[in-house]
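S.K.: File follows, data_2.pdb with PDB, C-alpha atoms, pLDDT in the B column:
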```pdb
ATOM      1  CA  MET A  87       0.958 -15.530 -23.624  1.00 71.00           C
ATOM      2  CA  ALA A  88       2.234 -12.653 -25.751  1.00 86.00           C
ATOM      3  CA  LEU A  89       2.903  -9.336 -24.078  1.00 94.00           C
ATOM      4  CA  THR A  90       1.451  -6.216 -25.667  1.00 95.00           C
ATOM      5  CA  LEU A  91       2.619  -2.617 -25.924  1.00 96.00           C
ATOM      6  CA  PRO A  92       0.122  -1.516 -23.232  1.00 96.00           C
ATOM      7  CA  ASP A  93       1.685  -4.123 -20.899  1.00 97.00           C
ATOM      8  CA  HIS A  94       5.118  -2.569 -21.359  1.00 97.00           C
ATOM      9  CA  LEU A  95       3.713   0.941 -20.954  1.00 97.00           C
ATOM     10  CA  LEU A  96       2.014  -0.061 -17.711  1.00 97.00           C
ATOM     11  CA  VAL A  97       5.327  -1.388 -16.379  1.00 97.00           C
ATOM     12  CA  MET A  98       6.949   1.926 -17.288  1.00 97.00           C
ATOM     13  CA  LEU A  99       4.162   3.709 -15.444  1.00 97.00           C
ATOM     14  CA  LEU A 100       4.672   1.599 -12.311  1.00 97.00           C
ATOM     15  CA  GLY A 101       8.459   1.511 -12.395  1.00 95.00           C
ATOM     16  CA  VAL A 102       9.385   4.989 -13.652  1.00 95.00           C
ATOM     17  CA  VAL A 103       6.516   7.471 -13.850  1.00 95.00           C
ATOM     18  CA  LEU A 104       4.885   6.794 -10.474  1.00 94.00           C
ATOM     19  CA  PRO A 105       8.161   6.883  -8.500  1.00 94.00           C
ATOM     20  CA  ILE A 106       8.964  10.287 -10.028  1.00 93.00           C
ATOM     21  CA  TYR A 107       5.419  11.481  -9.428  1.00 91.00           C
ATOM     22  CA  GLY A 108       5.592  10.168  -5.857  1.00 90.00           C
ATOM     23  CA  ARG A 109       8.742  12.175  -5.189  1.00 89.00           C
ATOM     24  CA  TRP A 110       7.098  15.326  -6.500  1.00 89.00           C
ATOM     25  CA  GLY A 111       3.905  14.573  -4.580  1.00 87.00           C
ATOM     26  CA  TYR A 112       5.820  14.109  -1.339  1.00 88.00           C
ATOM     27  CA  LYS A 113       7.475  17.502  -1.711  1.00 88.00           C
ATOM     28  CA  ARG A 114       4.069  19.016  -2.428  1.00 87.00           C
ATOM     29  CA  LEU A 115       2.664  17.349   0.688  1.00 87.00           C
ATOM     30  CA  LEU A 116       5.433  18.781   2.872  1.00 87.00           C
ATOM     31  CA  ASP A 117       4.804  22.236   1.448  1.00 87.00           C
ATOM     32  CA  HIS A 118       1.024  22.034   1.900  1.00 84.00           C
ATOM     33  CA  VAL A 119       1.184  20.631   5.433  1.00 83.00           C
ATOM     34  CA  ALA A 120       3.455  23.517   6.444  1.00 79.00           C
ATOM     35  CA  LYS A 121       1.043  26.098   5.034  1.00 81.00           C
ATOM     36  CA  LYS A 122      -2.468  24.926   5.891  1.00 81.00           C
ATOM     37  CA  PRO A 123      -4.287  22.514   8.191  1.00 71.00           C
ATOM     38  CA  GLY A 124      -6.139  19.614   6.675  1.00 79.00           C
ATOM     39  CA  ALA A 125      -3.664  19.263   3.817  1.00 87.00           C
ATOM     40  CA  ARG A 126      -3.013  15.602   4.581  1.00 91.00           C
ATOM     41  CA  ALA A 127      -6.673  14.691   4.185  1.00 92.00           C
ATOM     42  CA  THR A 128      -6.699  16.409   0.791  1.00 91.00           C
ATOM     43  CA  GLU A 129      -3.579  14.514  -0.275  1.00 92.00           C
ATOM     44  CA  TYR A 130      -5.083  11.224   0.921  1.00 94.00           C
ATOM     45  CA  ARG A 131      -8.147  11.832  -1.260  1.00 95.00           C
ATOM     46  CA  HIS A 132      -5.970  12.829  -4.196  1.00 93.00           C
ATOM     47  CA  THR A 133      -3.800   9.716  -3.883  1.00 94.00           C
ATOM     48  CA  ALA A 134      -6.822   7.437  -3.552  1.00 96.00           C
ATOM     49  CA  GLY A 135      -8.277   9.028  -6.677  1.00 96.00           C
ATOM     50  CA  TRP A 136      -5.306   8.313  -8.936  1.00 95.00           C
ATOM     51  CA  GLN A 137      -4.961   4.832  -7.481  1.00 97.00           C
ATOM     52  CA  TRP A 138      -8.516   3.991  -8.506  1.00 98.00           C
ATOM     53  CA  CYS A 139      -7.624   5.315 -11.961  1.00 97.00           C
ATOM     54  CA  LEU A 140      -4.740   2.808 -11.958  1.00 97.00           C
ATOM     55  CA  PHE A 141      -7.213   0.099 -10.986  1.00 98.00           C
ATOM     56  CA  ALA A 142      -9.335   1.065 -13.997  1.00 98.00           C
ATOM     57  CA  VAL A 143      -6.293   0.920 -16.306  1.00 97.00           C
ATOM     58  CA  VAL A 144      -5.374  -2.610 -15.212  1.00 97.00           C
ATOM     59  CA  THR A 145      -8.993  -3.758 -15.452  1.00 97.00           C
ATOM     60  CA  VAL A 146      -9.530  -2.291 -18.926  1.00 97.00           C
ATOM     61  CA  LEU A 147      -6.229  -3.777 -20.133  1.00 96.00           C
ATOM     62  CA  TRP A 148      -7.272  -7.215 -18.936  1.00 96.00           C
ATOM     63  CA  ILE A 149     -10.701  -7.012 -20.530  1.00 95.00           C
ATOM     64  CA  TRP A 150      -9.245  -5.637 -23.786  1.00 95.00           C
ATOM     65  CA  THR A 151      -6.718  -8.480 -24.062  1.00 95.00           C
ATOM     66  CA  GLY A 152      -9.302 -11.107 -23.128  1.00 95.00           C
ATOM     67  CA  ARG A 153      -7.160 -12.534 -20.337  1.00 96.00           C
ATOM     68  CA  ALA A 154      -8.616 -14.588 -17.532  1.00 96.00           C
ATOM     69  CA  PRO A 155      -8.989 -12.847 -14.146  1.00 96.00           C
ATOM     70  CA  GLU A 156      -7.170 -15.823 -12.582  1.00 96.00           C
ATOM     71  CA  LEU A 157      -3.933 -14.601 -14.176  1.00 96.00           C
ATOM     72  CA  LEU A 158      -4.145 -11.614 -11.822  1.00 96.00           C
ATOM     73  CA  GLY A 159      -4.841 -13.880  -8.863  1.00 95.00           C
ATOM     74  CA  VAL A 160      -8.540 -13.025  -8.881  1.00 96.00           C
ATOM     75  CA  ARG A 161      -9.897 -16.454  -8.024  1.00 92.00           C
ATOM     76  CA  ALA A 162     -12.003 -18.126  -5.368  1.00 88.00           C
ATOM     77  CA  PRO A 163     -10.221 -19.366  -2.219  1.00 87.00           C
ATOM     78  CA  ARG A 164      -9.023 -22.935  -2.548  1.00 86.00           C
ATOM     79  CA  GLY A 165      -6.615 -25.402  -1.018  1.00 89.00           C
ATOM     80  CA  VAL A 166      -4.803 -25.662   2.286  1.00 92.00           C
ATOM     81  CA  GLY A 167      -2.260 -23.042   1.194  1.00 91.00           C
ATOM     82  CA  PHE A 168      -4.950 -20.370   1.088  1.00 93.00           C
ATOM     83  CA  TRP A 169      -6.092 -21.033   4.639  1.00 94.00           C
ATOM     84  CA  ILE A 170      -2.548 -21.198   5.970  1.00 94.00           C
ATOM     85  CA  GLY A 171      -1.797 -17.902   4.244  1.00 94.00           C
ATOM     86  CA  LEU A 172      -4.955 -16.395   5.703  1.00 94.00           C
ATOM     87  CA  GLY A 173      -3.819 -17.533   9.135  1.00 95.00           C
ATOM     88  CA  VAL A 174      -0.435 -15.863   8.606  1.00 93.00           C
ATOM     89  CA  CYS A 175      -2.243 -12.687   7.528  1.00 94.00           C
ATOM     90  CA  VAL A 176      -4.403 -12.686  10.657  1.00 94.00           C
ATOM     91  CA  ALA A 177      -1.374 -13.339  12.886  1.00 95.00           C
ATOM     92  CA  ILE A 178       0.611 -10.443  11.392  1.00 94.00           C
ATOM     93  CA  ALA A 179      -2.383  -8.112  11.556  1.00 94.00           C
ATOM     94  CA  GLY A 180      -2.892  -9.195  15.149  1.00 95.00           C
ATOM     95  CA  PHE A 181       0.661  -8.143  15.988  1.00 95.00           C
ATOM     96  CA  PHE A 182      -0.004  -4.629  14.697  1.00 94.00           C
ATOM     97  CA  VAL A 183      -3.374  -4.465  16.460  1.00 96.00           C
ATOM     98  CA  ARG A 184      -1.602  -5.325  19.714  1.00 94.00           C
ATOM     99  CA  GLN A 185       0.853  -2.479  19.057  1.00 92.00           C
ATOM    100  CA  LEU A 186      -2.118  -0.144  18.516  1.00 94.00           C
ATOM    101  CA  LEU A 187      -3.801  -1.178  21.763  1.00 94.00           C
ATOM    102  CA  ILE A 188      -0.591  -0.761  23.756  1.00 93.00           C
ATOM    103  CA  THR A 189      -0.037   2.691  22.255  1.00 91.00           C
ATOM    104  CA  ARG A 190      -3.561   3.715  23.274  1.00 90.00           C
ATOM    105  CA  GLN A 191      -3.122   2.474  26.826  1.00 89.00           C
ATOM    106  CA  ARG A 192       0.441   3.534  27.619  1.00 89.00           C
ATOM    107  CA  ILE A 193       1.284   7.190  27.179  1.00 85.00           C
ATOM    108  CA  ASP A 194       4.912   6.494  28.073  1.00 85.00           C
ATOM    109  CA  LEU A 195       5.348   4.428  24.908  1.00 87.00           C
ATOM    110  CA  ARG A 196       4.013   7.036  22.500  1.00 88.00           C
ATOM    111  CA  GLU A 197       7.349   8.793  22.242  1.00 88.00           C
ATOM    112  CA  GLN A 198       8.917   5.533  21.100  1.00 89.00           C
ATOM    113  CA  VAL A 199       6.210   5.150  18.456  1.00 90.00           C
ATOM    114  CA  ARG A 200       6.746   8.735  17.276  1.00 90.00           C
ATOM    115  CA  THR A 201      10.454   8.012  16.957  1.00 90.00           C
ATOM    116  CA  ALA A 202       9.778   4.820  15.018  1.00 89.00           C
ATOM    117  CA  PHE A 203       7.508   6.701  12.600  1.00 90.00           C
ATOM    118  CA  SER A 204       9.624   9.870  12.462  1.00 86.00           C
ATOM    119  CA  SER A 205      10.936   9.304   8.924  1.00 84.00           C
ATOM    120  CA  VAL A 206       7.395   9.133   7.511  1.00 88.00           C
ATOM    121  CA  ALA A 207       5.599  11.356  10.021  1.00 88.00           C
ATOM    122  CA  PRO A 208       4.378  13.862   7.371  1.00 88.00           C
ATOM    123  CA  LEU A 209       2.568  11.007   5.604  1.00 91.00           C
ATOM    124  CA  LEU A 210       0.671   9.825   8.680  1.00 93.00           C
ATOM    125  CA  PRO A 211      -2.604  11.083  10.178  1.00 94.00           C
ATOM    126  CA  HIS A 212      -2.450  13.558  13.055  1.00 92.00           C
ATOM    127  CA  THR A 213      -6.170  14.365  13.387  1.00 92.00           C
ATOM    128  CA  LYS A 214      -9.418  12.416  13.460  1.00 93.00           C
ATOM    129  CA  ASN A 215     -10.425  13.615  10.017  1.00 93.00           C
ATOM    130  CA  GLU A 216      -7.033  12.640   8.577  1.00 94.00           C
ATOM    131  CA  ARG A 217      -7.302   9.246  10.255  1.00 95.00           C
ATOM    132  CA  ARG A 218     -10.629   8.581   8.549  1.00 96.00           C
ATOM    133  CA  TRP A 219      -9.293   9.484   5.119  1.00 96.00           C
ATOM    134  CA  PHE A 220      -6.131   7.513   5.771  1.00 97.00           C
ATOM    135  CA  SER A 221      -8.310   4.464   6.452  1.00 97.00           C
ATOM    136  CA  PHE A 222      -9.977   4.941   3.072  1.00 97.00           C
ATOM    137  CA  LEU A 223      -6.576   5.303   1.424  1.00 97.00           C
ATOM    138  CA  SER A 224      -5.376   2.125   3.170  1.00 97.00           C
ATOM    139  CA  PHE A 225      -8.368   0.226   1.783  1.00 98.00           C
ATOM    140  CA  THR A 226      -7.673   1.646  -1.676  1.00 98.00           C
ATOM    141  CA  ALA A 227      -3.973   0.783  -1.561  1.00 97.00           C
ATOM    142  CA  GLY A 228      -4.728  -2.728  -0.379  1.00 97.00           C
ATOM    143  CA  ILE A 229      -6.818  -3.397  -3.459  1.00 98.00           C
ATOM    144  CA  VAL A 230      -5.103  -1.349  -6.157  1.00 98.00           C
ATOM    145  CA  GLU A 231      -1.427  -1.814  -5.265  1.00 97.00           C
ATOM    146  CA  GLU A 232      -1.833  -5.557  -4.818  1.00 98.00           C
ATOM    147  CA  LEU A 233      -3.617  -5.896  -8.143  1.00 97.00           C
ATOM    148  CA  ALA A 234      -0.903  -3.845  -9.874  1.00 98.00           C
ATOM    149  CA  TYR A 235       2.341  -4.809  -8.108  1.00 97.00           C
ATOM    150  CA  ARG A 236       1.544  -8.402  -7.189  1.00 97.00           C
ATOM    151  CA  GLY A 237      -1.136  -9.471  -9.640  1.00 97.00           C
ATOM    152  CA  PHE A 238       0.050  -7.696 -12.793  1.00 98.00           C
ATOM    153  CA  LEU A 239       3.795  -7.356 -12.244  1.00 98.00           C
ATOM    154  CA  VAL A 240       4.321 -10.930 -11.064  1.00 98.00           C
ATOM    155  CA  TRP A 241       2.426 -12.127 -14.130  1.00 97.00           C
ATOM    156  CA  TYR A 242       4.376  -9.750 -16.430  1.00 97.00           C
ATOM    157  CA  PHE A 243       7.852 -10.694 -15.221  1.00 97.00           C
ATOM    158  CA  ASP A 244       6.875 -14.369 -15.155  1.00 97.00           C
ATOM    159  CA  GLN A 245       6.305 -14.129 -18.920  1.00 96.00           C
ATOM    160  CA  LEU A 246       9.881 -12.913 -19.366  1.00 96.00           C
ATOM    161  CA  THR A 247      11.765 -14.894 -16.711  1.00 94.00           C
ATOM    162  CA  ASN A 248      10.456 -17.347 -14.114  1.00 96.00           C
ATOM    163  CA  LEU A 249       8.136 -17.152 -11.137  1.00 96.00           C
ATOM    164  CA  TRP A 250      10.744 -16.576  -8.426  1.00 96.00           C
ATOM    165  CA  LEU A 251      12.604 -13.912 -10.339  1.00 97.00           C
ATOM    166  CA  ALA A 252       9.233 -12.348 -11.086  1.00 97.00           C
ATOM    167  CA  VAL A 253       8.525 -12.228  -7.347  1.00 97.00           C
ATOM    168  CA  ALA A 254      11.889 -10.532  -6.719  1.00 97.00           C
ATOM    169  CA  LEU A 255      11.538  -8.014  -9.558  1.00 97.00           C
ATOM    170  CA  SER A 256       7.978  -7.060  -8.647  1.00 97.00           C
ATOM    171  CA  SER A 257       9.110  -6.458  -5.057  1.00 97.00           C
ATOM    172  CA  LEU A 258      11.995  -4.305  -6.294  1.00 97.00           C
ATOM    173  CA  VAL A 259       9.642  -2.158  -8.380  1.00 97.00           C
ATOM    174  CA  PHE A 260       7.329  -1.828  -5.372  1.00 97.00           C
ATOM    175  CA  GLY A 261      10.260  -0.623  -3.282  1.00 96.00           C
ATOM    176  CA  ILE A 262      11.353   1.855  -5.949  1.00 95.00           C
ATOM    177  CA  ALA A 263       7.816   3.247  -6.030  1.00 94.00           C
ATOM    178  CA  HIS A 264       8.505   4.477  -2.477  1.00 92.00           C
ATOM    179  CA  PHE A 265      11.916   6.019  -3.153  1.00 88.00           C
ATOM    180  CA  TYR A 266      10.626   9.377  -1.909  1.00 89.00           C
ATOM    181  CA  GLN A 267      11.093   7.806   1.550  1.00 89.00           C
ATOM    182  CA  GLY A 268      14.812   7.398   0.907  1.00 87.00           C
ATOM    183  CA  VAL A 269      16.956   4.274   0.791  1.00 89.00           C
ATOM    184  CA  GLY A 270      15.481   3.030   4.052  1.00 88.00           C
ATOM    185  CA  GLY A 271      11.975   3.374   2.655  1.00 88.00           C
ATOM    186  CA  ILE A 272      12.898   1.477  -0.496  1.00 93.00           C
ATOM    187  CA  LEU A 273      14.355  -1.377   1.543  1.00 94.00           C
ATOM    188  CA  LYS A 274      11.436  -1.557   3.966  1.00 93.00           C
ATOM    189  CA  THR A 275       8.699  -1.410   1.371  1.00 95.00           C
ATOM    190  CA  GLY A 276      10.626  -3.736  -0.932  1.00 96.00           C
ATOM    191  CA  ALA A 277      10.841  -6.272   1.897  1.00 96.00           C
ATOM    192  CA  ALA A 278       7.125  -5.818   2.616  1.00 95.00           C
ATOM    193  CA  GLY A 279       6.415  -6.312  -1.082  1.00 96.00           C
ATOM    194  CA  LEU A 280       8.434  -9.518  -1.039  1.00 97.00           C
ATOM    195  CA  VAL A 281       6.393 -10.874   1.883  1.00 96.00           C
ATOM    196  CA  LEU A 282       3.154  -9.983   0.095  1.00 97.00           C
ATOM    197  CA  ALA A 283       4.371 -11.542  -3.162  1.00 97.00           C
ATOM    198  CA  LEU A 284       5.360 -14.759  -1.404  1.00 96.00           C
ATOM    199  CA  LEU A 285       1.983 -14.800   0.316  1.00 95.00           C
ATOM    200  CA  TYR A 286       0.357 -14.361  -3.092  1.00 96.00           C
ATOM    201  CA  VAL A 287       2.292 -17.251  -4.604  1.00 95.00           C
ATOM    202  CA  TRP A 288       1.697 -19.461  -1.566  1.00 94.00           C
ATOM    203  CA  THR A 289      -2.072 -18.912  -1.475  1.00 94.00           C
ATOM    204  CA  GLY A 290      -2.546 -18.709  -5.230  1.00 92.00           C
ATOM    205  CA  SER A 291      -4.947 -15.832  -4.667  1.00 94.00           C
ATOM    206  CA  ILE A 292      -4.651 -12.044  -4.578  1.00 96.00           C
ATOM    207  CA  TRP A 293      -7.292 -11.759  -1.838  1.00 96.00           C
ATOM    208  CA  VAL A 294      -5.007 -12.577   1.095  1.00 96.00           C
ATOM    209  CA  PRO A 295      -2.281 -10.036   0.154  1.00 97.00           C
ATOM    210  CA  MET A 296      -5.005  -7.450  -0.393  1.00 97.00           C
ATOM    211  CA  LEU A 297      -6.432  -8.100   3.052  1.00 97.00           C
ATOM    212  CA  MET A 298      -3.037  -8.021   4.724  1.00 96.00           C
ATOM    213  CA  HIS A 299      -1.949  -4.833   2.930  1.00 97.00           C
ATOM    214  CA  TRP A 300      -5.164  -3.057   3.888  1.00 97.00           C
ATOM    215  CA  LEU A 301      -5.176  -4.143   7.527  1.00 96.00           C
ATOM    216  CA  VAL A 302      -1.505  -3.414   8.212  1.00 96.00           C
ATOM    217  CA  ASP A 303      -1.645   0.035   6.582  1.00 96.00           C
ATOM    218  CA  ASP A 304      -4.862   0.958   8.367  1.00 97.00           C
ATOM    219  CA  VAL A 305      -3.771  -0.244  11.809  1.00 96.00           C
ATOM    220  CA  GLN A 306      -0.390   1.469  11.501  1.00 95.00           C
ATOM    221  CA  GLY A 307      -2.167   4.683  10.528  1.00 95.00           C
ATOM    222  CA  ARG A 308      -4.349   4.410  13.629  1.00 96.00           C
ATOM    223  CA  THR A 309      -1.272   3.722  15.762  1.00 95.00           C
ATOM    224  CA  ALA A 310       0.462   6.799  14.347  1.00 94.00           C
ATOM    225  CA  PHE A 311      -2.625   8.879  15.088  1.00 94.00           C
ATOM    226  CA  GLU A 312      -2.576   7.753  18.725  1.00 93.00           C
ATOM    227  CA  ALA A 313       1.089   8.745  18.973  1.00 91.00           C
ATOM    228  CA  PHE A 314       1.038  12.041  17.084  1.00 89.00           C
ATOM    229  CA  LYS A 315      -2.302  13.469  18.248  1.00 83.00           C
ATOM    230  CA  GLU A 316      -0.638  14.768  21.421  1.00 54.00           C
ATOM    231  CA  ASP A 317       2.404  16.081  19.590  1.00 48.00           C
ATOM    232  CA  GLY A 318       1.068  19.595  19.111  1.00 44.00           C
ATOM    233  CA  ALA A 319      -1.596  18.533  16.601  1.00 44.00           C
ATOM    234  CA  PRO A 320      -5.205  19.615  17.272  1.00 42.00           C
ATOM    235  CA  ILE A 321      -7.865  16.926  17.141  1.00 40.00           C
ATOM    236  CA  GLU A 322     -10.354  17.848  14.452  1.00 45.00           C
ATOM    237  CA  SER A 323     -13.962  16.804  14.332  1.00 39.00           C
ATOM    238  CA  ALA A 324     -15.269  15.023  11.261  1.00 37.00           C
ATOM    239  CA  ALA A 325     -15.407  17.206   8.184  1.00 37.00           C
TER     240      ALA A 325
END
```
Can I see the file as structure tokens?
M.R.:
Amino acid sequence: MALTLPDHLLVMLLGVVLPIYGRWGYKRLLDHVAKKPGARATEYRHTAGWQWCLFAVVTVLWIWTGRAPELLGVRAPRGVGFWIGLGVCVAIAGFFVRQLLITRQRIDLREQVRTAFSSVAPLLPHTKNERRWFSFLSFTAGIVEELAYRGFLVWYFDQLTNLWLAVALSSLVFGIAHFYQGVGGILKTGAAGLVLALLYVWTGSIWVPMLMHWLVDDVQGRTAFEAFKEDGAPIESAA
């Protein structure tokens, strides 16, 4: 299937523009958090907003080119691979849920969790209101980022190379999108992207990676909230 100019422009957006924008946005977040309470919740809403715009771009591109939704992995569950992949998703999510429950129950472990999350602490919710908006952002990222970085990018690079190189390249771009977190962030998110891409290829469906992305992000946000809420951050009521 022939690639179009909008396809190439979308890759530029994902691989160049958004990483630069993310770096600028992270600096803005640090500045806003230092100056006023509730800034994280505002940034979560802002990020969710542009991500849904990205969702619209991918959707319109697909409709405009007349491509089948299945090329983005949007297909009904089928085959043993799907159910095995779903089981893997549930098992991994269960691991993070267990971490959340332990953090809630054992105050002595919260310092360890704060240390583990220290490099991305400004990004994580510290209040109840922030936690709620972070959950919405997690849901948004699960849908939009999987559609863009797994569905679209794997398809795009597969047109130019082969499936396995496409998986690797899409994971690299996903890691670069998080370069505002430093080299460590690129490596961690790139590795996470690789797992999600392999899960996508294994199941043949975008639904399982979407579910896993959403659940892991949301549960980790809740875990961070449990750890940071006692770290000098007031607990806000719902806005």
S.K.: Using all atoms listed in the file, pick whichever of A:Ala227, A:Val259, A:Ala207, A:Leu187 has the shortest atom-to-atom distance to A:Lys315.
M.R.: A:Ala207
S.K.: For A:Phe225, list every protein, DNA or RNA residue within 6 Å, evaluated using all atoms listed in the file, and leave out those in the same chain fewer than 3 positions away; present the list as a compact mmCIF listing (two decimals) with C-alpha atoms, keeping the file's coordinate frame.
M.R.:
```txt
# COMPACT_ATOMS: atom_id res chain seq x y z
CA PHE A 222 -9.98 4.94 3.07
CA GLY A 228 -4.73 -2.73 -0.38
CA TRP A 300 -5.16 -3.06 3.89
```
S.K.: Find, counting only C-alpha atoms, the residue in A:Met296, A:Val206, A:Leu249, A:Leu223 that gets nearest to A:Gln267.
M.R.: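 Closest to A:Gln267, using only C-alpha atoms: A:Val206.
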S.K.: Specify as a PyMOL selection string each residue included when the PyMOL selection byres ((chain A and resi 307) around 9) is applied to this file.
M.R.: chain A and resi 210-211+217+220-221+224+302-306+308-312
S.K.: Restricting the calculation to all atoms listed in the file: of A:Thr226, A:Pro208, A:Glu232, A:Thr189, which residue gets closest to A:Ala120?
M.R.: A:Pro208
S.K.: Identify, on the basis of all atoms listed in the file, every residue whose closest approach to stretch 166-171 of chain A does not exceed 12 Å; exclude the query and any residue fewer than 5 positions from it along the same chain; express the result as a list in words.
M.R.: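 These residues fall inside the cut-off: Gly159, Arg161, Val176, Ala177, Ile178, Val281, Leu282, Ala283, Leu284, Leu285, Tyr286, Val287, Trp288, Thr289, Gly290, Ser291, Ile292, Trp293, Val294, Pro295, Met296, Leu297 and Met298 of chain A.
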